[in-house]
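Dumped run.json below, it's JSON, C-alpha atoms:
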[["chain", "number", "residue", "atom", "x", "y", "z"],
["A", 1, "MET", "CA", 119.16, 98.77, 57.13],
["A", 2, "LYS", "CA", 119.46, 95.39, 58.87],
["A", 3, "LYS", "CA", 116.17, 93.86, 60.00],
["A", 4, "THR", "CA", 115.63, 93.00, 63.66],
["A", 5, "LEU", "CA", 113.69, 90.13, 65.21],
["A", 6, "LEU", "CA", 112.56, 90.85, 68.75],
["A", 7, "VAL", "CA", 111.92, 87.65, 70.70],
["A", 8, "MET", "CA", 109.64, 88.29, 73.70],
["A", 9, "MET", "CA", 109.16, 84.66, 74.71],
["A", 10, "THR", "CA", 111.35, 81.97, 76.23],
["A", 11, "PHE", "CA", 113.55, 80.13, 73.74],
["A", 12, "LEU", "CA", 115.59, 77.14, 74.86],
["A", 13, "PRO", "CA", 119.29, 77.36, 73.90],
["A", 14, "GLU", "CA", 118.92, 74.69, 71.19],
["A", 15, "PHE", "CA", 116.06, 76.63, 69.56],
["A", 16, "ARG", "CA", 118.09, 79.84, 69.72],
["A", 17, "ALA", "CA", 120.94, 78.10, 67.93],
["A", 18, "LYS", "CA", 118.60, 76.77, 65.21],
["A", 19, "LEU", "CA", 116.99, 80.17, 64.74],
["A", 20, "GLU", "CA", 120.33, 81.95, 64.51],
["A", 21, "ALA", "CA", 121.65, 79.36, 62.02],
["A", 22, "GLN", "CA", 118.58, 79.83, 59.80],
["A", 23, "ALA", "CA", 118.69, 83.63, 59.86],
["A", 24, "PRO", "CA", 122.35, 84.68, 59.69],
["A", 25, "GLY", "CA", 121.61, 88.18, 58.35],
["A", 26, "LEU", "CA", 119.00, 88.98, 60.96],
["A", 27, "ASP", "CA", 119.74, 90.91, 64.14],
["A", 28, "ILE", "CA", 118.00, 88.92, 66.91],
["A", 29, "VAL", "CA", 117.24, 90.54, 70.25],
["A", 30, "TYR", "CA", 116.06, 88.31, 73.12],
["A", 31, "CYS", "CA", 114.16, 89.85, 76.03],
["A", 32, "GLU", "CA", 112.52, 86.87, 77.66],
["A", 33, "LYS", "CA", 112.45, 87.85, 81.31],
["A", 34, "GLN", "CA", 112.37, 91.64, 81.10],
["A", 35, "PRO", "CA", 110.35, 94.06, 78.99],
["A", 36, "PRO", "CA", 112.00, 95.11, 75.74],
["A", 37, "SER", "CA", 113.78, 98.43, 75.64],
["A", 38, "GLU", "CA", 112.26, 101.35, 73.77],
["A", 39, "GLU", "CA", 115.16, 101.13, 71.29],
["A", 40, "ALA", "CA", 114.53, 97.41, 70.63],
["A", 41, "LEU", "CA", 110.85, 98.10, 69.98],
["A", 42, "LYS", "CA", 111.67, 100.94, 67.57],
["A", 43, "ARG", "CA", 114.13, 98.71, 65.65],
["A", 44, "ALA", "CA", 111.87, 95.62, 65.51],
["A", 45, "SER", "CA", 110.87, 94.49, 62.03],
["A", 46, "TYR", "CA", 109.52, 91.21, 63.40],
["A", 47, "ILE", "CA", 108.29, 90.23, 66.86],
["A", 48, "TRP", "CA", 107.70, 86.81, 68.42],
["A", 49, "GLY", "CA", 105.65, 87.22, 71.56],
["A", 50, "ASN", "CA", 102.74, 89.24, 72.87],
["A", 51, "PRO", "CA", 103.63, 92.92, 73.16],
["A", 52, "ASN", "CA", 101.07, 95.20, 74.76],
["A", 53, "GLU", "CA", 99.45, 98.14, 73.01],
["A", 54, "GLU", "CA", 101.87, 100.66, 74.51],
["A", 55, "GLN", "CA", 104.85, 98.64, 73.29],
["A", 56, "LEU", "CA", 103.32, 98.28, 69.81],
["A", 57, "SER", "CA", 102.88, 102.03, 69.57],
["A", 58, "LEU", "CA", 106.70, 102.27, 69.50],
["A", 59, "CYS", "CA", 107.11, 99.71, 66.70],
["A", 60, "GLU", "CA", 107.63, 102.03, 63.75],
["A", 61, "ARG", "CA", 109.17, 99.35, 61.49],
["A", 62, "LEU", "CA", 107.01, 96.33, 62.42],
["A", 63, "GLU", "CA", 106.21, 94.08, 59.44],
["A", 64, "TRP", "CA", 105.21, 90.86, 61.21],
["A", 65, "LEU", "CA", 103.94, 89.90, 64.66],
["A", 66, "GLN", "CA", 103.85, 86.21, 65.65],
["A", 67, "LEU", "CA", 101.86, 85.76, 68.86],
["A", 68, "GLN", "CA", 102.63, 82.94, 71.27],
["A", 69, "THR", "CA", 98.92, 82.54, 71.97],
["A", 70, "ALA", "CA", 95.81, 81.73, 69.96],
["A", 71, "GLY", "CA", 93.92, 84.76, 71.29],
["A", 72, "HIS", "CA", 94.38, 87.81, 69.12],
["A", 73, "ASP", "CA", 91.31, 90.00, 69.68],
["A", 74, "GLN", "CA", 93.23, 92.84, 71.32],
["A", 75, "TYR", "CA", 95.49, 93.14, 68.27],
["A", 76, "MET", "CA", 92.59, 93.44, 65.83],
["A", 77, "GLN", "CA", 91.44, 96.88, 67.01],
["A", 78, "PRO", "CA", 92.11, 99.67, 64.49],
["A", 79, "GLY", "CA", 95.42, 101.42, 65.08],
["A", 80, "VAL", "CA", 96.95, 98.78, 67.36],
["A", 81, "LEU", "CA", 99.24, 97.35, 64.66],
["A", 82, "PRO", "CA", 101.15, 99.52, 62.23],
["A", 83, "LYS", "CA", 99.58, 99.70, 58.78],
["A", 84, "GLY", "CA", 100.56, 96.69, 56.65],
["A", 85, "ALA", "CA", 101.89, 94.61, 59.55],
["A", 86, "LEU", "CA", 101.10, 90.90, 59.28],
["A", 87, "LEU", "CA", 99.55, 89.25, 62.35],
["A", 88, "CYS", "CA", 99.93, 85.51, 63.01],
["A", 89, "ASN", "CA", 98.78, 83.55, 66.05],
["A", 90, "CYS", "CA", 99.15, 80.03, 67.43],
["A", 91, "SER", "CA", 95.58, 78.95, 66.81],
["A", 92, "GLY", "CA", 95.54, 75.16, 66.63],
["A", 93, "ALA", "CA", 98.98, 74.73, 68.19],
["A", 94, "TYR", "CA", 97.85, 73.81, 71.68],
["A", 95, "GLY", "CA", 94.57, 71.92, 71.16],
["A", 96, "LEU", "CA", 95.90, 68.38, 71.25],
["A", 97, "ALA", "CA", 98.22, 68.79, 74.25],
["A", 98, "ILE", "CA", 95.92, 70.95, 76.36],
["A", 99, "SER", "CA", 92.80, 68.88, 75.64],
["A", 100, "GLU", "CA", 94.66, 65.77, 76.82],
["A", 101, "PHE", "CA", 95.78, 67.67, 79.91],
["A", 102, "LEU", "CA", 92.14, 68.64, 80.59],
["A", 103, "LEU", "CA", 90.97, 65.07, 80.06],
["A", 104, "ALA", "CA", 93.61, 63.76, 82.47],
["A", 105, "HIS", "CA", 92.55, 66.24, 85.12],
["A", 106, "THR", "CA", 88.89, 65.46, 84.57],
["A", 107, "LEU", "CA", 89.65, 61.80, 85.25],
["A", 108, "VAL", "CA", 91.77, 62.69, 88.30],
["A", 109, "LEU", "CA", 88.91, 64.73, 89.79],
["A", 110, "MET", "CA", 86.12, 62.30, 88.88],
["A", 111, "ARG", "CA", 88.04, 59.30, 90.27],
["A", 112, "LYS", "CA", 89.40, 61.26, 93.26],
["A", 113, "LEU", "CA", 92.88, 60.11, 92.31],
["A", 114, "HIS", "CA", 94.53, 63.10, 93.99],
["A", 115, "LEU", "CA", 92.82, 62.18, 97.29],
["A", 116, "TYR", "CA", 93.70, 58.50, 96.99],
["A", 117, "ARG", "CA", 97.30, 59.48, 96.22],
["A", 118, "ASP", "CA", 97.42, 61.51, 99.44],
["A", 119, "HIS", "CA", 95.91, 58.61, 101.39],
["A", 120, "GLN", "CA", 98.45, 56.22, 99.87],
["A", 121, "HIS", "CA", 101.30, 58.42, 101.12],
["A", 122, "GLU", "CA", 99.69, 58.36, 104.57],
["A", 123, "ARG", "CA", 99.21, 54.57, 104.32],
["A", 124, "SER", "CA", 95.50, 55.11, 104.80],
["A", 125, "TRP", "CA", 93.32, 52.76, 102.80],
["A", 126, "SER", "CA", 89.93, 54.23, 103.65],
["A", 127, "HIS", "CA", 87.09, 54.51, 101.15],
["A", 128, "LEU", "CA", 86.50, 58.06, 99.92],
["A", 129, "GLY", "CA", 82.94, 57.61, 98.76],
["A", 130, "ARG", "CA", 81.37, 57.35, 95.35],
["A", 131, "ILE", "CA", 83.51, 58.17, 92.33],
["A", 132, "GLY", "CA", 82.34, 59.58, 89.05],
["A", 133, "ILE", "CA", 82.63, 58.04, 85.62],
["A", 134, "VAL", "CA", 82.76, 59.82, 82.29],
["A", 135, "ALA", "CA", 80.33, 57.47, 80.53],
["A", 136, "ARG", "CA", 76.77, 58.74, 80.97],
["A", 137, "SER", "CA", 77.99, 61.97, 82.58],
["A", 138, "SER", "CA", 77.34, 65.46, 81.23],
["A", 139, "ALA", "CA", 80.08, 67.91, 80.34],
["A", 140, "LEU", "CA", 79.71, 71.62, 79.67],
["A", 141, "VAL", "CA", 82.55, 73.05, 77.58],
["A", 142, "VAL", "CA", 82.71, 76.84, 77.61],
["A", 143, "GLY", "CA", 84.68, 77.92, 74.56],
["A", 144, "ILE", "CA", 84.55, 75.60, 71.58],
["A", 145, "GLY", "CA", 87.68, 76.77, 69.86],
["A", 146, "ASP", "CA", 90.47, 74.33, 69.06],
["A", 147, "ILE", "CA", 91.14, 73.31, 72.66],
["A", 148, "GLY", "CA", 87.50, 73.13, 73.72],
["A", 149, "ALA", "CA", 86.41, 71.24, 70.61],
["A", 150, "ARG", "CA", 89.16, 68.62, 71.04],
["A", 151, "TYR", "CA", 88.32, 68.22, 74.73],
["A", 152, "ALA", "CA", 84.62, 67.84, 73.84],
["A", 153, "GLN", "CA", 85.48, 65.16, 71.26],
["A", 154, "LYS", "CA", 87.50, 63.20, 73.83],
["A", 155, "MET", "CA", 84.75, 63.41, 76.45],
["A", 156, "HIS", "CA", 82.14, 62.38, 73.86],
["A", 157, "ALA", "CA", 84.29, 59.42, 72.78],
["A", 158, "LEU", "CA", 84.31, 58.24, 76.41],
["A", 159, "GLY", "CA", 80.52, 58.37, 76.55],
["A", 160, "ALA", "CA", 79.78, 61.79, 78.02],
["A", 161, "ARG", "CA", 76.90, 63.94, 76.83],
["A", 162, "VAL", "CA", 78.64, 67.16, 75.83],
["A", 163, "PHE", "CA", 77.21, 70.68, 75.69],
["A", 164, "GLY", "CA", 79.25, 73.53, 74.26],
["A", 165, "ILE", "CA", 79.11, 77.31, 74.40],
["A", 166, "ARG", "CA", 80.86, 79.60, 71.98],
["A", 167, "ARG", "CA", 80.72, 83.31, 71.16],
["A", 168, "GLN", "CA", 79.74, 82.93, 67.52],
["A", 169, "VAL", "CA", 76.39, 81.25, 66.99],
["A", 170, "ASP", "CA", 76.98, 80.64, 63.28],
["A", 171, "LYS", "CA", 80.11, 78.53, 63.79],
["A", 172, "LYS", "CA", 79.17, 75.11, 65.11],
["A", 173, "PRO", "CA", 81.68, 72.27, 65.34]]

Could you render the structure from this file as structure tokens?
Amino acid sequence: MKKTLLVMMTFLPEFRAKLEAQAPGLDIVYCEKQPPSEEALKRASYIWGNPNEEQLSLCERLEWLQLQTAGHDQYMQPGVLPKGALLCNCSGAYGLAISEFLLAHTLVLMRKLHLYRDHQHERSWSHLGRIGIVARSSALVVGIGDIGARYAQKMHALGARVFGIRRQVDKKP
């Protein structure tokens, strides 16, 4: 029986073409904007995306689930995945980009850049008060996984005193 890949996440056309070229014998079903059909879930040997528990209960043939997120706790409960199914997540895939995004927004807020931008559009050159600086500031990072740890490193490199909170006491970055 032909194996089916169920794609439950958005794939740009060029990525679809690459995927289809690399897996010519695979039946690929895309359901990016709507929930997958019951039939597609029953046929799925592989899934890319984050199906819910109800959807997974229909996946009789599932061998491999590739999440589009790092979080995977809900999939680790007994009976959620079919016996023998391999679970993969995107842990580590977003840390660099998201930590830089967080740093940029930290600087925007500390320097009031969003307010000065609005004033510039209004041709108002008034002073908006004291601005913050990262050096000698304190930062609390809640969640020291990949993203949080990279953000903490960037803030520390700029001179901030960084405090971190994580769920597991034994794992310290």

Selection near stretch 71-80 of chain A, 10 Å with all atoms listed in the file, sequence-local residues under 4 positions removed, as a list in words
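Neighbouring residues, sequence-local ones excluded: Asn50, Pro51, Asn52, Glu53, Glu54, Gln55, Leu56, Ser57, Leu65, Leu67, Leu87, Cys88, Asn89, Cys90 and Ser91 of chain A.
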
Quick one: of A:Leu26, A:Val162, A:Leu115, A:Ala152, who's nearest to A:Ser138, counting only C-alpha atoms?
A:Val162

Write out as an MDAnalysis selection string the residues lying within 6 Å of A:Ser99, counting all atoms listed in the file and excluding same-chain residues fewer than 4 positions away.
chainID A and resid 95 147 150:151

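The smallest atom-to-atom distance between A:Thr10 and any of A:Gln34, A:Gly25, A:Arg166, A:Arg61, using only C-alpha atoms, is found for A:Gln34.
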
Hey, can you check how far atom CA of A:Tyr116 sits from atom CA of A:Arg130?
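Distance reported for this atom pair: 12.5 Å.
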
What's the 12 Å shell around stretch 62-64 of chain A, counting only C-alpha atoms, without same-chain residues fewer than 2 positions away, as an NGL selection string?
:A and (3-6 or 40-49 or 51 or 55-60 or 66-67 or 80-89)

Just the selected residues (C-alpha atoms), exported as a CSV table (one decimal), keeping the file's coordinate frame, please.
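Full text of selection36.csv as output:
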chain,number,residue,atom,x,y,z
A,3,LYS,CA,116.2,93.9,60.0
A,4,THR,CA,115.6,93.0,63.7
A,5,LEU,CA,113.7,90.1,65.2
A,6,LEU,CA,112.6,90.8,68.8
A,40,ALA,CA,114.5,97.4,70.6
A,41,LEU,CA,110.8,98.1,70.0
A,42,LYS,CA,111.7,100.9,67.6
A,43,ARG,CA,114.1,98.7,65.6
A,44,ALA,CA,111.9,95.6,65.5
A,45,SER,CA,110.9,94.5,62.0
A,46,TYR,CA,109.5,91.2,63.4
A,47,ILE,CA,108.3,90.2,66.9
A,48,TRP,CA,107.7,86.8,68.4
A,49,GLY,CA,105.6,87.2,71.6
A,51,PRO,CA,103.6,92.9,73.2
A,55,GLN,CA,104.8,98.6,73.3
A,56,LEU,CA,103.3,98.3,69.8
A,57,SER,CA,102.9,102.0,69.6
A,58,LEU,CA,106.7,102.3,69.5
A,59,CYS,CA,107.1,99.7,66.7
A,60,GLU,CA,107.6,102.0,63.8
A,66,GLN,CA,103.8,86.2,65.6
A,67,LEU,CA,101.9,85.8,68.9
A,80,VAL,CA,97.0,98.8,67.4
A,81,LEU,CA,99.2,97.4,64.7
A,82,PRO,CA,101.2,99.5,62.2
A,83,LYS,CA,99.6,99.7,58.8
A,84,GLY,CA,100.6,96.7,56.6
A,85,ALA,CA,101.9,94.6,59.6
A,86,LEU,CA,101.1,90.9,59.3
A,87,LEU,CA,99.6,89.2,62.4
A,88,CYS,CA,99.9,85.5,63.0
A,89,ASN,CA,98.8,83.6,66.0

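Considering the residues A:Pro13, A:Gly92, A:Pro24, A:Pro36 and counting only C-alpha atoms, A:Asp146 has its shortest atom-to-atom contact with A:Gly92.
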
To one decimal in Å, tell me the separation between atom CA of A:Asp170 and atom CA of A:Gly145.
13.1 Å

Which distance in Å separates atom CA of A:Glu122 and atom CA of A:Thr106, to one decimal?
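Distance reported for this atom pair: 23.8 Å.
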
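Nearest residue to A:Met9 among A:Gln168, A:Ala21, A:Glu39, A:Thr69 is A:Thr69, counting only C-alpha atoms.
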
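Among A:Ile165, A:Ala160, A:Met155, A:Ala23, the residue with the shortest atom-to-atom distance to A:Gly143, counting all atoms listed in the file, is A:Ile165.
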
Nearby residues (all atoms listed in the file) at most 10 Å from A:Gly164, same-chain spacing under 4 positions excluded, as a PyMOL selection string:
chain A and resi 139-144+148-149+152+172-173

Would you please work out which residue, of A:Met110, A:Val7, A:Glu14, A:Ser124, is nearest to A:Gln68 when using all atoms listed in the file?
A:Val7

Emit a file covering stretch 44-60 of chain A of the preceding structure with all heavy atoms, as a short mmCIF file (atom, residue, chain, number, x, y, z; two decimals), in the first residue's frame.
data_model
loop_
_atom_site.label_atom_id
_atom_site.label_comp_id
_atom_site.auth_asym_id
_atom_site.auth_seq_id
_atom_site.Cartn_x
_atom_site.Cartn_y
_atom_site.Cartn_z
N ALA A 44 -2.78 8.49 6.65
CA ALA A 44 -1.49 9.13 6.90
C ALA A 44 -0.47 8.18 7.53
O ALA A 44 -0.70 7.63 8.61
CB ALA A 44 -1.67 10.35 7.79
N SER A 45 0.65 8.01 6.84
CA SER A 45 1.80 7.28 7.39
C SER A 45 2.72 8.27 8.09
O SER A 45 3.39 7.94 9.07
CB SER A 45 2.58 6.58 6.28
OG SER A 45 1.76 5.71 5.56
N TYR A 46 2.77 9.49 7.53
CA TYR A 46 3.62 10.55 8.05
C TYR A 46 2.80 11.83 8.11
O TYR A 46 1.96 12.08 7.25
CB TYR A 46 4.82 10.80 7.14
CG TYR A 46 5.48 9.55 6.61
CD1 TYR A 46 5.43 9.23 5.25
CD2 TYR A 46 6.14 8.68 7.46
CE1 TYR A 46 6.04 8.09 4.76
CE2 TYR A 46 6.75 7.54 6.98
CZ TYR A 46 6.69 7.24 5.63
OH TYR A 46 7.29 6.11 5.16
N ILE A 47 3.07 12.65 9.12
CA ILE A 47 2.39 13.95 9.24
C ILE A 47 3.42 15.02 9.54
O ILE A 47 4.29 14.83 10.38
CB ILE A 47 1.32 13.95 10.37
CG1 ILE A 47 0.21 12.96 10.06
CG2 ILE A 47 0.76 15.35 10.57
CD1 ILE A 47 -0.84 12.86 11.16
N TRP A 48 3.29 16.14 8.82
CA TRP A 48 4.03 17.37 9.14
C TRP A 48 3.01 18.37 9.62
O TRP A 48 2.12 18.77 8.87
CB TRP A 48 4.75 17.92 7.91
CG TRP A 48 6.04 17.22 7.61
CD1 TRP A 48 6.61 16.21 8.33
CD2 TRP A 48 6.91 17.47 6.52
NE1 TRP A 48 7.78 15.82 7.75
CE2 TRP A 48 7.99 16.58 6.64
CE3 TRP A 48 6.89 18.36 5.47
CZ2 TRP A 48 9.03 16.56 5.74
CZ3 TRP A 48 7.94 18.33 4.58
CH2 TRP A 48 9.00 17.44 4.70
N GLY A 49 3.11 18.77 10.86
CA GLY A 49 2.16 19.71 11.43
C GLY A 49 1.86 19.34 12.87
O GLY A 49 2.55 18.51 13.47
N ASN A 50 0.82 19.93 13.41
CA ASN A 50 0.46 19.72 14.80
C ASN A 50 -0.99 19.26 14.91
O ASN A 50 -1.87 20.06 15.27
CB ASN A 50 0.67 21.01 15.60
CG ASN A 50 2.12 21.35 15.80
OD1 ASN A 50 2.90 21.32 14.84
ND2 ASN A 50 2.49 21.67 17.00
N PRO A 51 -1.25 17.99 14.65
CA PRO A 51 -2.62 17.50 14.80
C PRO A 51 -3.02 17.49 16.27
O PRO A 51 -2.17 17.35 17.15
CB PRO A 51 -2.56 16.09 14.22
CG PRO A 51 -1.14 15.68 14.39
CD PRO A 51 -0.33 16.93 14.26
N ASN A 52 -4.31 17.62 16.53
CA ASN A 52 -4.77 17.53 17.90
C ASN A 52 -5.01 16.06 18.28
O ASN A 52 -4.91 15.17 17.44
CB ASN A 52 -6.01 18.40 18.13
CG ASN A 52 -7.19 17.96 17.27
OD1 ASN A 52 -7.44 16.77 17.06
ND2 ASN A 52 -7.95 18.94 16.77
N GLU A 53 -5.33 15.84 19.54
CA GLU A 53 -5.47 14.47 20.04
C GLU A 53 -6.59 13.72 19.33
O GLU A 53 -6.46 12.53 19.02
CB GLU A 53 -5.72 14.51 21.55
CG GLU A 53 -5.43 13.21 22.24
CD GLU A 53 -5.42 13.33 23.75
OE1 GLU A 53 -5.09 14.41 24.29
OE2 GLU A 53 -5.74 12.32 24.40
N GLU A 54 -7.68 14.41 19.06
CA GLU A 54 -8.81 13.78 18.36
C GLU A 54 -8.39 13.34 16.95
O GLU A 54 -8.72 12.24 16.50
CB GLU A 54 -9.98 14.75 18.29
CG GLU A 54 -11.21 14.19 17.61
CD GLU A 54 -12.32 15.23 17.49
OE1 GLU A 54 -12.39 16.14 18.34
OE2 GLU A 54 -13.11 15.12 16.53
N GLN A 55 -7.65 14.19 16.25
CA GLN A 55 -7.18 13.84 14.92
C GLN A 55 -6.22 12.66 14.98
O GLN A 55 -6.28 11.75 14.17
CB GLN A 55 -6.51 15.04 14.26
CG GLN A 55 -7.47 16.16 13.92
CD GLN A 55 -6.78 17.45 13.54
OE1 GLN A 55 -5.71 17.77 14.03
NE2 GLN A 55 -7.42 18.22 12.65
N LEU A 56 -5.32 12.67 15.97
CA LEU A 56 -4.36 11.56 16.10
C LEU A 56 -5.03 10.23 16.39
O LEU A 56 -4.53 9.18 16.00
CB LEU A 56 -3.34 11.88 17.19
CG LEU A 56 -2.24 12.85 16.80
CD1 LEU A 56 -1.42 13.27 18.01
CD2 LEU A 56 -1.33 12.24 15.74
N SER A 57 -6.17 10.28 17.05
CA SER A 57 -6.87 9.02 17.37
C SER A 57 -7.34 8.31 16.10
O SER A 57 -7.58 7.10 16.11
CB SER A 57 -8.06 9.28 18.29
OG SER A 57 -9.09 9.98 17.61
N LEU A 58 -7.42 9.04 14.98
CA LEU A 58 -7.83 8.45 13.70
C LEU A 58 -6.64 7.92 12.89
O LEU A 58 -6.83 7.26 11.88
CB LEU A 58 -8.59 9.48 12.88
CG LEU A 58 -9.88 10.02 13.49
CD1 LEU A 58 -10.41 11.19 12.67
CD2 LEU A 58 -10.91 8.92 13.59
N CYS A 59 -5.43 8.23 13.31
CA CYS A 59 -4.23 7.90 12.54
C CYS A 59 -3.78 6.47 12.81
O CYS A 59 -2.83 6.24 13.57
CB CYS A 59 -3.12 8.90 12.86
SG CYS A 59 -3.53 10.59 12.41
N GLU A 60 -4.42 5.54 12.16
CA GLU A 60 -4.16 4.11 12.38
C GLU A 60 -2.80 3.67 11.82
O GLU A 60 -2.22 2.71 12.31
CB GLU A 60 -5.27 3.29 11.72
CG GLU A 60 -6.66 3.65 12.20
CD GLU A 60 -7.76 3.23 11.25
OE1 GLU A 60 -7.48 2.78 10.11
OE2 GLU A 60 -8.94 3.34 11.66
#
